[in-house]
Every structure is written in structure tokens, then in C-alpha cells.
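Below: one structure, written as C-alpha cells.
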Amino acid sequence: MVPVIQFKDVMKVYPLKAGDVTALDHISFEVERGEFISIMGPSGSGKSTLLNLMGCLDTPTTGDIFISGIGVRDMSDVELTNLRRDRIGFIFQYFNLFPLLNIIENVSFPQMLKSQKQVDEKKAIEVLQAVQLEERLYTHTPLELSGGQQQRVAVARALINDPDILLCDEPTGNLDSKTGASIMELMTGLNRRGSTIIIVTHDPHIAEYTNRVIRIVDGRIAE
Amino acid sequence: MSTIFWEISKRNIRIHMLRSSLAMLGIIIGVVAIASMGILGNTIVQEVSSSLSSVGDSVIVTPYAGGGGGMGGGGGGHSANLYLTNQNFQQIKRSVAPNVAIPVMSTSAHMKVGVGSDDIVASIYGIPSDDTKKLLPDLEAGDYSNGNSGCLVGTTFAKDHNLKVGSRISIGQNGEYGALRVTGIIKERGMSFDISTDNALVVTQDWFESAFDTTDDELNEVVVKVTNGDTADVKTTIEKQLNRNTKDKTVSVIDSKATLASIFETFGMVTTFVTAIGGISMIVAGVSIFNIMMMSVNERIKEIGIMRSIGTQKKEVMSMFIFEAAIIGVVGSVIGGVLSFIAGYAISSLMFNTTEYLFTVASMLSVAEGVGFGIVICLLCGLYPAWQAANLNPIDALRHE
């Protein structure tokens, strides 16, 4: 089976005036379908760079990255954007919902980008039920919801286009421990139902929920 | 393009209502300035042309007065001491045939219009009775005079001094030049190049000569009614015939059509200039649109980063901001268009006491121009901020606080 993510000798160098900074140094790893992985490391280790590369927000300096077998190295901005839209679901620390849109519209947003059509409420309701958000909140705006509720909406938004991977950047970092735990239980449930999930975190408690931990130190993998 | 971005643009304008309204106000003022200045210019041109164009195609020949010669007609009369002779007239007549040449004598004189009335000074024109009808084809009342002591009066003159067909006018401070009876009232002719009759009397050449003791060698001007050929050609023919000696010219020739054209050209330039002043306010409005669009982009950098990271294309981000500028532009410009009709109505009725030129093609075009310019300015000023938003690096934008 084709790995969902494959890094082959990936290097990322940021050219700065004071000298080049190597954020990732010859990294190779694979993520198989259905895995639940946490990526850990101290700040400045290259976690964010790795996340950006996995999320197709950036391209490597050298080496190759394959998402579901598709090489991203020579992709145009339009192609990378479509890849993000169709194959990757992003979940952020600060939820990052659109305050001008209500919950249904927020969740449907990536779907509308894909179909270029109006809101398909059926699918949105389906994923909102999957993340266990109360139905009365569907027409509210994000700012009327609690942090935990907002993160559930963000997860629903990430799920709507049936992505190959869920990429989470400190998904519980802005939540109290109880709410954070409930979000992690939701993630675990999603993983059991087949979702491939990668969580970038520096919190060892979060890493306990996952099946595999990748540690990054100074731009290298230290397993 | 996806309707969700249209929806976001609308909502963003709504939550920043004050800011959006102020930007719209700028556009409204710009459109009103351009459109109402255009309407004003058009009204002036049409007002003037309605009083000028009745002259038709004519060529006016006056004694050469050095320089380029001024506008023909008018009073002044004998003091100039420079006349066209009968021989000049015959030459003109022959050279312009089959067009009609009409000799005109003019002076100004004191007169009274009834017992105990005030002393009036007005222009008197002497025209051969056969030619009067050709030069002045439209009468408002009465008829052309058959007899020698009949006269025609201009409509303004008749109104001002309460004259009717049949009224008597005695000419001279003490009536020493004799008396005239009004046989007809000449329709309003407005400003004209040949003779200005609205505030004057028109008598027969015979009466003029006998009353003021002149001869047919003392013509003030000759008017050629051009019905055949072009006025410019007629002008050239006359100049060739009468100004053979280039150092000592005999006549000045004015081509009414060419003069009219240059007058309209001048008015056109004035209109353009005034409209351009209106355009400046539009540019100021454009700057404010640019400003709020940049603010809008800066406030939403993070939002743009999120959008881009979850799969929004650059052109979709761009469209969202273009929609915003377009909404402000279209709404502002349309409101401005409606208001400029009201402003145009007010200006024309206050300045010209008429609104008949408001719904002409030219005025409509001015409004359309203003509205179109408003929309285009908004779109142009929204273009750069939108482009900037679309080209933000998604990683940097996401990190933006």
C-alpha cells in the first residue's frame, strides 16, 4: 500500500542574510494509512517546518515529499492549494474559524471550495454529528462558542472533504486539560474509524494518546 | 466564482458599516461632482446653441477695421466713419450669386413710444423691404410692413416697452426723425452674428436713408444668406473679390458656421476642464477606497492565511477583496448617479430657469460617465490590495497576530 506521507532525504534551508539556517536536515520517514502519530520536539527543533512541508504549505529545498504517492516537489501553487484542499485537513491551536460565517458555513467552507457550489448542509451536519457538536449551535457564529466547541467545529471542517491526513498543530494547546482530553478522545475515535492523524505537540500527555512518536531534535529525527 | 466569497465580502462591509459608508460617500461626491459638472456644461452649451443656431448659415461682410475685425452687427453706426459702398455691395452680390446678399444700415437713436414716455435709446436697422423677409423669416405677430413708415420691433423691445402691432414710435428726442407704426414683432433670435434684433427696430432702407439723411454708399454690413455651397467657400470668394489689395483690405468677412464651431469648441473645452475638476474629487475618493481596502487586508491577514492553508486559491482570495471594492463602487456610484440628477435639476433650474436640457443624451452621458468612472476607480483601487492579499505567504499569514 502506498504510504500517506513519504519523506525522502528532505532538507529545508532558509537563506538568511546572516547565513543559511538548516531547519530540517536530511529527514526520511513514512506514515502509513490509519496511523496516529505525534511529532515532538523542543521549540526551534524544526517541528513547524516539518508541519508546513507535510501540509504542502511549503516545498523542500532538496529531497522529495510524496502525499498519497503524489510528488509535491515541482507542483505549482494552484496544484499545491488543490492538494491541501482535497487531501489534507488542518486543525490549528487557535481553532481559526471564520468569524463572519456561522458554524454550518465554516464547516462547509472547504467543501464549497471543492465543489464551487452552495452549502451542502447534509454533509456538514454529518461531520458535525461525528464531532458531537450540539445541533442548536449549528447556526451560531464561532465567537458564541466555547473553545472546546470551536475546536470540534474545526475538526469537522478538517474532515468535510474526506482528507487522507488530519494535520493537527497543538490542537489542545489553547484548551483546559479536561476539554483537551475530550478533544483527544475525539481524535482517538476518528483514528479508530480509519483517519490518519498527525499531531505536532510538545505536550507528552498528548503524545500518550498516539501510537507512534517521532522526535525531532535540531532538524533531525531522533527515534 | 464561488458565492461564499461574495457572502463574506457583503458581511465584511456590513460589520464595518461606518467605514464602508464613508468610502461610499467619497465615491458619491466624486460621481456627483463629475456628473453635475457635465450636466452644467451641457446645459450651458445647449442654452447658448439654442440662441445661436437660429442664425443659420450666413456670411457677414463688414468694412475692414484693421486687425481681424470683430463681430458684425451692433449699434455704433456712423461714428466708425467706415462704410461699405453700393459698389462693394454689388460686387459681393455678383460674387456670391445665387446666394442672396442683403445690405444693412444701422444706427442708434433716441425714441419715444407714446405720450409722456421715457426717452429710449435703441438700435435701428435699415434693410431693403424686399430683403427683410429673407433676413428675418420668423415673425411672432403682425406682418412685414408694406408702407414706408412701418417697422418691425424685436420681441424683447416690444415686451419691455409694452408695444403691440399698431403701436406708434416717434424717433428722435423730439420726434425730429419722424414716426413709425409697428406692423410686426420679430421672433426671438438671441445672439447672432448678423443683426441683433431682439432689442431693436427694423425699418425699410428708404425710410432709413430719408430719416437719417444717408445714401446707399453708407452700408454698415452686408449679410449673405448661404443656401448654396459652403460658407467657407463663400467667405473665400468674397475675400478674393474685394480684398485684392492685400495691404489695404476693403472688407472683413465672418463665416458664422466657423465662428459657431469655434465657440462650441471653446465651450467643450470649458466643460472638459470643469469635469476634470470634478474628477479630482473622484481621485481623492479612490485614495480613500485604496486606504480602507488596505486596512481590510491588514486586519484579515490571519484569516487569509487560514483560507489559503485549507485550500483557497489565490484568485479566490483576490475575488473576495475585488467584490468588496465593487460593492462599495457600484452602490456608491449608483447613489451618486441618482443624486447628480437631483443636483443637475437644482443647478439648471436655479441658473438657467429651465430643466429642459436635463434629460438630453449629453446630460445622460455625463451621468453615465460619472457612474462608470466611479466604478472603475473603485475596482482599480481595490486591485492592488486584493493582489497583495492573494500573494501573502500562507505560512507568514497564519503566524500573523
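Following the order of the C-alpha cells, first chain is A, next is B, and so on, with residues numbered from 1 inside each chain and ligands from 1 in the order they appear.
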
| request: With a distance threshold of 9 Å and counting only C-alpha atoms, extract the residues of chain B near chain A and express them as a ChimeraX atom specification. | output: /B:1-4,7-8,11-12,15,302-303,306-314,316,393-395

Mind dumping the selected residues with C-alpha atoms as an mmCIF file, in the first residue's frame?
```cif
data_model
loop_
_atom_site.group_PDB
_atom_site.id
_atom_site.type_symbol
_atom_site.label_atom_id
_atom_site.label_comp_id
_atom_site.auth_asym_id
_atom_site.auth_seq_id
_atom_site.Cartn_x
_atom_site.Cartn_y
_atom_site.Cartn_z
ATOM 1 C CA MET B 1 -16.814 32.380 -8.722
ATOM 2 C CA SER B 2 -17.972 30.839 -5.525
ATOM 3 C CA THR B 3 -20.822 32.600 -3.816
ATOM 4 C CA ILE B 4 -19.247 32.135 -0.368
ATOM 5 C CA GLU B 7 -21.205 36.479 1.026
ATOM 6 C CA ILE B 8 -18.040 37.128 3.069
ATOM 7 C CA ARG B 11 -20.779 40.651 5.613
ATOM 8 C CA ASN B 12 -17.426 42.353 5.970
ATOM 9 C CA ILE B 15 -19.754 44.828 10.059
ATOM 10 C CA LYS B 302 -4.541 35.704 9.569
ATOM 11 C CA GLU B 303 -7.919 34.905 8.016
ATOM 12 C CA ILE B 306 -6.233 30.166 7.174
ATOM 13 C CA MET B 307 -8.113 30.328 3.905
ATOM 14 C CA ARG B 308 -5.003 29.696 1.865
ATOM 15 C CA SER B 309 -3.870 26.829 4.115
ATOM 16 C CA ILE B 310 -7.160 24.962 3.864
ATOM 17 C CA GLY B 311 -7.188 25.164 0.089
ATOM 18 C CA THR B 312 -8.370 28.578 -1.084
ATOM 19 C CA GLN B 313 -6.779 29.614 -4.377
ATOM 20 C CA LYS B 314 -5.090 32.999 -4.796
ATOM 21 C CA GLU B 316 -10.453 33.299 -4.825
ATOM 22 C CA ASN B 393 2.790 33.784 2.032
ATOM 23 C CA PRO B 394 0.291 31.425 3.743
ATOM 24 C CA ILE B 395 2.826 30.406 6.417
#
```

| Counting only C-alpha atoms, what is within 10 Å of Leu84 of chain B, bar same-chain residues fewer than 4 positions away, as a list in words? |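 Counting only C-alpha atoms, the residues come to Val61, Thr62, Pro63, Tyr64, Asn88, Phe89, Pro103, Val104, Met105, Asp216, Asp217, Glu218, Leu219, Asn220, Glu221, Val222, Thr250 and Val251 of chain B.
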
Can you list every residue in segment 12-260 of chain B that DSSP puts in helix (DSSP H, G or I), as a compact mmCIF listing (two decimals) with N, CA and C atoms, in the first residue's frame?
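Below is the file that was written, selection-v4.txt:
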```
# COMPACT_ATOMS: atom_id res chain seq x y z
N ASN B 12 -18.53 41.51 5.49
CA ASN B 12 -17.43 42.35 5.97
C ASN B 12 -17.77 43.83 5.83
N ILE B 13 -18.43 44.17 4.71
CA ILE B 13 -18.86 45.56 4.54
C ILE B 13 -19.87 45.93 5.62
N ARG B 14 -20.76 44.97 5.91
CA ARG B 14 -21.82 45.24 6.89
C ARG B 14 -21.24 45.46 8.30
N ILE B 15 -20.26 44.63 8.69
CA ILE B 15 -19.75 44.83 10.06
C ILE B 15 -18.87 46.08 10.16
N MET B 17 -19.69 49.00 8.77
CA MET B 17 -20.63 49.86 8.07
C MET B 17 -20.17 51.31 7.98
N LEU B 18 -19.68 51.84 9.10
CA LEU B 18 -19.31 53.26 9.13
C LEU B 18 -18.18 53.52 8.13
N ARG B 19 -17.17 52.67 8.20
CA ARG B 19 -16.02 52.82 7.32
C ARG B 19 -16.43 52.68 5.85
N SER B 20 -17.27 51.67 5.57
CA SER B 20 -17.71 51.46 4.20
C SER B 20 -18.56 52.62 3.71
N SER B 21 -19.42 53.13 4.61
CA SER B 21 -20.29 54.25 4.21
C SER B 21 -19.46 55.48 3.89
N LEU B 22 -18.42 55.72 4.68
CA LEU B 22 -17.58 56.90 4.42
C LEU B 22 -16.87 56.77 3.08
N ALA B 23 -16.39 55.57 2.78
CA ALA B 23 -15.75 55.35 1.49
C ALA B 23 -16.76 55.57 0.36
N MET B 24 -17.99 55.06 0.60
CA MET B 24 -19.05 55.25 -0.39
C MET B 24 -19.36 56.72 -0.58
N LEU B 25 -19.38 57.44 0.55
CA LEU B 25 -19.67 58.88 0.48
C LEU B 25 -18.67 59.58 -0.43
N GLY B 26 -17.40 59.20 -0.30
CA GLY B 26 -16.37 59.77 -1.17
C GLY B 26 -16.70 59.54 -2.63
N ILE B 27 -17.09 58.30 -2.94
CA ILE B 27 -17.42 57.97 -4.33
C ILE B 27 -18.67 58.73 -4.78
N ILE B 28 -19.64 58.82 -3.87
CA ILE B 28 -20.88 59.54 -4.20
C ILE B 28 -20.53 60.99 -4.57
N ILE B 29 -19.71 61.63 -3.74
CA ILE B 29 -19.33 63.02 -4.01
C ILE B 29 -18.60 63.12 -5.35
N GLY B 30 -17.70 62.19 -5.59
CA GLY B 30 -16.97 62.19 -6.85
C GLY B 30 -17.89 62.07 -8.05
N VAL B 31 -18.83 61.13 -7.98
CA VAL B 31 -19.76 60.93 -9.10
C VAL B 31 -20.62 62.18 -9.30
N VAL B 32 -21.14 62.71 -8.19
CA VAL B 32 -21.98 63.90 -8.29
C VAL B 32 -21.18 65.06 -8.89
N ALA B 33 -19.92 65.21 -8.45
CA ALA B 33 -19.09 66.30 -8.98
C ALA B 33 -18.92 66.17 -10.48
N ILE B 34 -18.53 64.98 -10.93
CA ILE B 34 -18.31 64.78 -12.36
C ILE B 34 -19.61 64.94 -13.15
N ALA B 35 -20.65 64.23 -12.70
CA ALA B 35 -21.89 64.22 -13.47
C ALA B 35 -22.55 65.60 -13.48
N SER B 36 -22.60 66.27 -12.33
CA SER B 36 -23.30 67.55 -12.33
C SER B 36 -22.51 68.63 -13.06
N MET B 37 -21.17 68.53 -13.01
CA MET B 37 -20.36 69.46 -13.80
C MET B 37 -20.62 69.22 -15.29
N GLY B 38 -20.72 67.95 -15.65
CA GLY B 38 -21.03 67.60 -17.05
C GLY B 38 -22.38 68.13 -17.46
N ILE B 39 -23.38 67.94 -16.58
CA ILE B 39 -24.73 68.43 -16.88
C ILE B 39 -24.70 69.95 -17.02
N LEU B 40 -23.99 70.60 -16.10
CA LEU B 40 -23.88 72.07 -16.14
C LEU B 40 -23.29 72.52 -17.48
N GLY B 41 -22.17 71.89 -17.86
CA GLY B 41 -21.53 72.24 -19.12
C GLY B 41 -22.45 72.03 -20.31
N ASN B 42 -23.13 70.88 -20.32
CA ASN B 42 -24.04 70.58 -21.42
C ASN B 42 -25.18 71.57 -21.48
N THR B 43 -25.70 71.94 -20.29
CA THR B 43 -26.80 72.88 -20.26
C THR B 43 -26.35 74.22 -20.83
N ILE B 44 -25.14 74.65 -20.46
CA ILE B 44 -24.63 75.92 -20.99
C ILE B 44 -24.52 75.84 -22.51
N VAL B 45 -23.91 74.78 -23.00
CA VAL B 45 -23.72 74.63 -24.44
C VAL B 45 -25.07 74.63 -25.16
N GLN B 46 -26.04 73.87 -24.60
CA GLN B 46 -27.31 73.77 -25.29
C GLN B 46 -28.11 75.06 -25.20
N GLU B 47 -27.98 75.72 -24.04
CA GLU B 47 -28.66 77.01 -23.87
C GLU B 47 -28.12 78.00 -24.89
N VAL B 48 -26.80 78.06 -25.02
CA VAL B 48 -26.19 79.00 -25.96
C VAL B 48 -26.50 78.61 -27.39
N SER B 49 -26.40 77.31 -27.67
CA SER B 49 -26.60 76.89 -29.05
C SER B 49 -28.03 77.12 -29.49
N SER B 50 -28.98 77.03 -28.55
CA SER B 50 -30.37 77.26 -28.94
C SER B 50 -30.57 78.71 -29.34
N SER B 51 -29.78 79.63 -28.78
CA SER B 51 -29.95 81.02 -29.17
C SER B 51 -29.05 81.41 -30.33
N LEU B 52 -28.02 80.59 -30.55
CA LEU B 52 -27.09 80.92 -31.63
C LEU B 52 -27.46 80.28 -32.96
N SER B 53 -27.93 79.07 -32.88
CA SER B 53 -28.04 78.31 -34.12
C SER B 53 -29.14 78.83 -35.05
N SER B 54 -30.05 79.67 -34.51
CA SER B 54 -31.12 80.20 -35.36
C SER B 54 -30.56 81.07 -36.48
N VAL B 55 -29.32 81.49 -36.30
CA VAL B 55 -28.69 82.33 -37.32
C VAL B 55 -28.56 81.58 -38.65
N GLY B 77 -22.83 102.50 -35.42
CA GLY B 77 -23.30 103.30 -36.56
C GLY B 77 -22.27 104.25 -37.10
N HIS B 78 -22.71 105.46 -37.24
CA HIS B 78 -21.95 106.43 -38.05
C HIS B 78 -20.61 106.84 -37.49
N SER B 79 -20.41 106.65 -36.20
CA SER B 79 -19.17 107.16 -35.61
C SER B 79 -17.94 106.48 -36.17
N ALA B 80 -18.11 105.22 -36.66
CA ALA B 80 -16.96 104.48 -37.17
C ALA B 80 -16.39 105.14 -38.42
N ASN B 86 -22.10 101.14 -52.15
CA ASN B 86 -23.03 100.40 -53.00
C ASN B 86 -22.26 99.54 -54.00
N GLN B 87 -21.11 100.11 -54.44
CA GLN B 87 -20.29 99.36 -55.40
C GLN B 87 -19.76 98.07 -54.76
N ASN B 88 -19.33 98.19 -53.50
CA ASN B 88 -18.88 96.99 -52.76
C ASN B 88 -20.00 95.97 -52.73
N PHE B 89 -21.20 96.48 -52.39
CA PHE B 89 -22.36 95.60 -52.26
C PHE B 89 -22.64 94.86 -53.56
N GLN B 90 -22.59 95.62 -54.67
CA GLN B 90 -22.87 95.00 -55.99
C GLN B 90 -21.84 93.91 -56.28
N GLN B 91 -20.57 94.19 -55.92
CA GLN B 91 -19.51 93.21 -56.15
C GLN B 91 -19.79 91.93 -55.36
N ILE B 92 -20.16 92.14 -54.08
CA ILE B 92 -20.45 90.98 -53.22
C ILE B 92 -21.61 90.19 -53.80
N LYS B 93 -22.63 90.94 -54.19
CA LYS B 93 -23.85 90.31 -54.70
C LYS B 93 -23.54 89.43 -55.92
N ARG B 94 -22.74 89.99 -56.82
CA ARG B 94 -22.38 89.23 -58.02
C ARG B 94 -21.54 88.00 -57.67
N SER B 95 -20.60 88.18 -56.75
CA SER B 95 -19.67 87.08 -56.49
C SER B 95 -20.31 85.92 -55.73
N VAL B 96 -21.36 86.20 -54.96
CA VAL B 96 -21.95 85.12 -54.16
C VAL B 96 -23.17 84.47 -54.80
N SER B 129 -36.88 96.68 -48.29
CA SER B 129 -38.11 95.99 -47.90
C SER B 129 -38.25 94.61 -48.53
N ASP B 130 -37.68 94.43 -49.73
CA ASP B 130 -37.79 93.11 -50.37
C ASP B 130 -36.98 92.05 -49.62
N ASP B 131 -35.90 92.50 -48.93
CA ASP B 131 -34.98 91.55 -48.32
C ASP B 131 -35.32 91.22 -46.87
N THR B 132 -36.19 92.03 -46.26
CA THR B 132 -36.48 91.85 -44.83
C THR B 132 -36.91 90.42 -44.52
N LYS B 133 -37.82 89.94 -45.39
CA LYS B 133 -38.37 88.60 -45.16
C LYS B 133 -37.28 87.53 -45.24
N LYS B 134 -36.30 87.77 -46.10
CA LYS B 134 -35.23 86.78 -46.27
C LYS B 134 -34.31 86.75 -45.04
N LEU B 135 -34.08 87.94 -44.48
CA LEU B 135 -33.17 88.00 -43.33
C LEU B 135 -33.89 87.62 -42.03
N THR B 155 -38.69 91.22 -30.11
CA THR B 155 -39.64 90.75 -29.09
C THR B 155 -39.33 91.31 -27.70
N THR B 156 -38.06 91.42 -27.37
CA THR B 156 -37.69 91.96 -26.05
C THR B 156 -38.07 93.43 -25.96
N PHE B 157 -37.78 94.14 -27.05
CA PHE B 157 -38.11 95.56 -27.11
C PHE B 157 -39.62 95.76 -26.94
N ALA B 158 -40.39 94.92 -27.65
CA ALA B 158 -41.85 95.04 -27.58
C ALA B 158 -42.34 94.77 -26.16
N LYS B 159 -41.80 93.76 -25.54
CA LYS B 159 -42.22 93.41 -24.18
C LYS B 159 -41.85 94.52 -23.19
N ASP B 160 -40.60 94.98 -23.29
CA ASP B 160 -40.10 95.98 -22.34
C ASP B 160 -40.91 97.28 -22.42
N GLN B 205 -35.06 100.39 -45.92
CA GLN B 205 -33.85 101.14 -46.24
C GLN B 205 -34.21 102.58 -46.68
N ASP B 206 -35.36 102.68 -47.41
CA ASP B 206 -35.78 104.00 -47.90
C ASP B 206 -36.04 104.96 -46.74
N TRP B 207 -36.79 104.45 -45.74
CA TRP B 207 -37.12 105.30 -44.60
C TRP B 207 -35.83 105.69 -43.89
N PHE B 208 -34.93 104.72 -43.71
CA PHE B 208 -33.67 104.95 -43.01
C PHE B 208 -32.87 106.06 -43.69
N GLU B 209 -32.78 105.93 -45.06
CA GLU B 209 -31.99 106.92 -45.80
C GLU B 209 -32.57 108.32 -45.68
N SER B 210 -33.92 108.39 -45.79
CA SER B 210 -34.51 109.74 -45.75
C SER B 210 -34.52 110.31 -44.34
N ALA B 211 -34.75 109.45 -43.34
CA ALA B 211 -34.80 109.96 -41.97
C ALA B 211 -33.43 110.40 -41.48
N PHE B 212 -32.41 109.58 -41.76
CA PHE B 212 -31.09 109.90 -41.21
C PHE B 212 -30.17 110.55 -42.24
N THR B 231 -20.20 77.83 -46.49
CA THR B 231 -19.93 79.20 -46.02
C THR B 231 -18.44 79.55 -46.17
N ALA B 232 -17.58 78.56 -45.96
CA ALA B 232 -16.15 78.84 -46.06
C ALA B 232 -15.77 79.24 -47.50
N ASP B 233 -16.40 78.57 -48.48
CA ASP B 233 -16.13 78.91 -49.88
C ASP B 233 -16.61 80.31 -50.21
N VAL B 234 -17.82 80.62 -49.69
CA VAL B 234 -18.38 81.95 -49.96
C VAL B 234 -17.46 83.02 -49.37
N LYS B 235 -16.98 82.75 -48.15
CA LYS B 235 -16.07 83.69 -47.49
C LYS B 235 -14.83 83.92 -48.36
N THR B 236 -14.26 82.83 -48.86
CA THR B 236 -13.06 82.95 -49.69
C THR B 236 -13.33 83.74 -50.97
N THR B 237 -14.48 83.45 -51.59
CA THR B 237 -14.83 84.15 -52.82
C THR B 237 -14.89 85.66 -52.59
N ILE B 238 -15.58 86.04 -51.50
CA ILE B 238 -15.72 87.48 -51.21
C ILE B 238 -14.36 88.11 -50.95
N GLU B 239 -13.56 87.43 -50.16
CA GLU B 239 -12.24 87.98 -49.85
C GLU B 239 -11.39 88.14 -51.11
N LYS B 240 -11.50 87.17 -51.99
CA LYS B 240 -10.73 87.24 -53.25
C LYS B 240 -11.17 88.44 -54.08
N GLN B 241 -12.48 88.63 -54.12
CA GLN B 241 -13.04 89.69 -54.96
C GLN B 241 -12.75 91.08 -54.41
N LEU B 242 -12.94 91.24 -53.08
CA LEU B 242 -12.89 92.58 -52.53
C LEU B 242 -11.56 92.94 -51.87
N SER B 256 -20.19 82.54 -40.21
CA SER B 256 -20.95 82.23 -38.98
C SER B 256 -20.74 80.79 -38.54
N LYS B 257 -20.68 79.90 -39.52
CA LYS B 257 -20.58 78.48 -39.19
C LYS B 257 -19.24 78.20 -38.49
N ALA B 258 -18.16 78.75 -39.06
CA ALA B 258 -16.83 78.51 -38.48
C ALA B 258 -16.74 79.13 -37.09
N THR B 259 -17.30 80.34 -36.97
CA THR B 259 -17.26 81.03 -35.68
C THR B 259 -18.04 80.23 -34.64
N LEU B 260 -19.23 79.75 -35.07
CA LEU B 260 -20.06 78.94 -34.20
C LEU B 260 -19.28 77.70 -33.74
```

| What does the distance from atom CA of Pro42 of chain A to atom CA of Gln6 of chain A come to in Å, to one decimal? | 23.1 Å

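Near Asn211 of chain A, within a cut-off of 9 Å and counting only C-alpha atoms, sit the residues Glu35, Phe36, Ile37, Ser38 and Ala207 of chain A, with same-chain residues fewer than 4 positions away left out.
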
| message | Neighbouring residues of Thr139 of chain A were defined as those with any atom within 7 Å, considering only C-alpha atoms; residues of the same chain fewer than 2 positions away were excluded. Please report them as a list in words. | response | Asn102, Ile103, Ile104, Leu137 and Thr141 of chain A

Only C-alpha atoms, please: the residues just picked out, written as a CSV table (one decimal), in the first residue's frame.
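Output file out.csv follows:
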```
chain,number,residue,atom,x,y,z
A,102,ASN,CA,-21.8,30.6,11.0
A,103,ILE,CA,-20.9,27.0,12.1
A,104,ILE,CA,-22.5,25.2,9.1
A,137,LEU,CA,-25.2,25.6,17.9
A,141,THR,CA,-21.1,32.2,14.9
```

| query | Got a sec: who's within 9 Å of segment 296-299 of chain B, counting only C-alpha atoms, leaving out chain neighbours fewer than 4 positions off, as a PyMOL selection string? | reply | chain B and resi 12+291-292+303-304+321+385-386+388-389

Those selected residues, please, written with N, CA and C atoms and delivered as an mmCIF file, in the first residue's frame.
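Written out: result26.cif:
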```cif
data_model
loop_
_atom_site.group_PDB
_atom_site.id
_atom_site.type_symbol
_atom_site.label_atom_id
_atom_site.label_comp_id
_atom_site.auth_asym_id
_atom_site.auth_seq_id
_atom_site.Cartn_x
_atom_site.Cartn_y
_atom_site.Cartn_z
ATOM 1 N N ASN B 12 -18.530 41.514 5.492
ATOM 2 C CA ASN B 12 -17.426 42.353 5.970
ATOM 3 C C ASN B 12 -17.768 43.833 5.825
ATOM 4 N N ASN B 291 -7.232 53.048 0.672
ATOM 5 C CA ASN B 291 -6.888 53.046 2.087
ATOM 6 C C ASN B 291 -7.685 52.011 2.881
ATOM 7 N N ILE B 292 -9.018 52.021 2.696
ATOM 8 C CA ILE B 292 -9.801 51.086 3.517
ATOM 9 C C ILE B 292 -9.616 49.655 3.029
ATOM 10 N N GLU B 303 -6.788 35.571 8.674
ATOM 11 C CA GLU B 303 -7.919 34.905 8.016
ATOM 12 C C GLU B 303 -7.517 34.434 6.616
ATOM 13 N N ILE B 304 -6.753 35.301 5.923
ATOM 14 C CA ILE B 304 -6.290 34.940 4.586
ATOM 15 C C ILE B 304 -5.359 33.726 4.664
ATOM 16 N N PHE B 321 -11.758 40.370 -2.190
ATOM 17 C CA PHE B 321 -11.488 41.799 -1.981
ATOM 18 C C PHE B 321 -12.000 42.646 -3.143
ATOM 19 N N PRO B 385 -4.656 46.120 -3.339
ATOM 20 C CA PRO B 385 -4.833 45.438 -2.052
ATOM 21 C C PRO B 385 -5.241 43.972 -2.235
ATOM 22 N N ALA B 386 -6.127 43.713 -3.190
ATOM 23 C CA ALA B 386 -6.585 42.340 -3.424
ATOM 24 C C ALA B 386 -5.418 41.468 -3.885
ATOM 25 N N GLN B 388 -2.314 42.004 -3.271
ATOM 26 C CA GLN B 388 -1.412 41.824 -2.143
ATOM 27 C C GLN B 388 -1.922 40.728 -1.207
ATOM 28 N N ALA B 389 -3.240 40.745 -0.962
ATOM 29 C CA ALA B 389 -3.829 39.735 -0.081
ATOM 30 C C ALA B 389 -3.616 38.343 -0.665
#
```

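Restricting the calculation to only C-alpha atoms, the smallest distance between Met364 of chain B and any of B:Phe290, B:Tyr125, B:Phe341, B:Tyr83 is found for B:Phe341.
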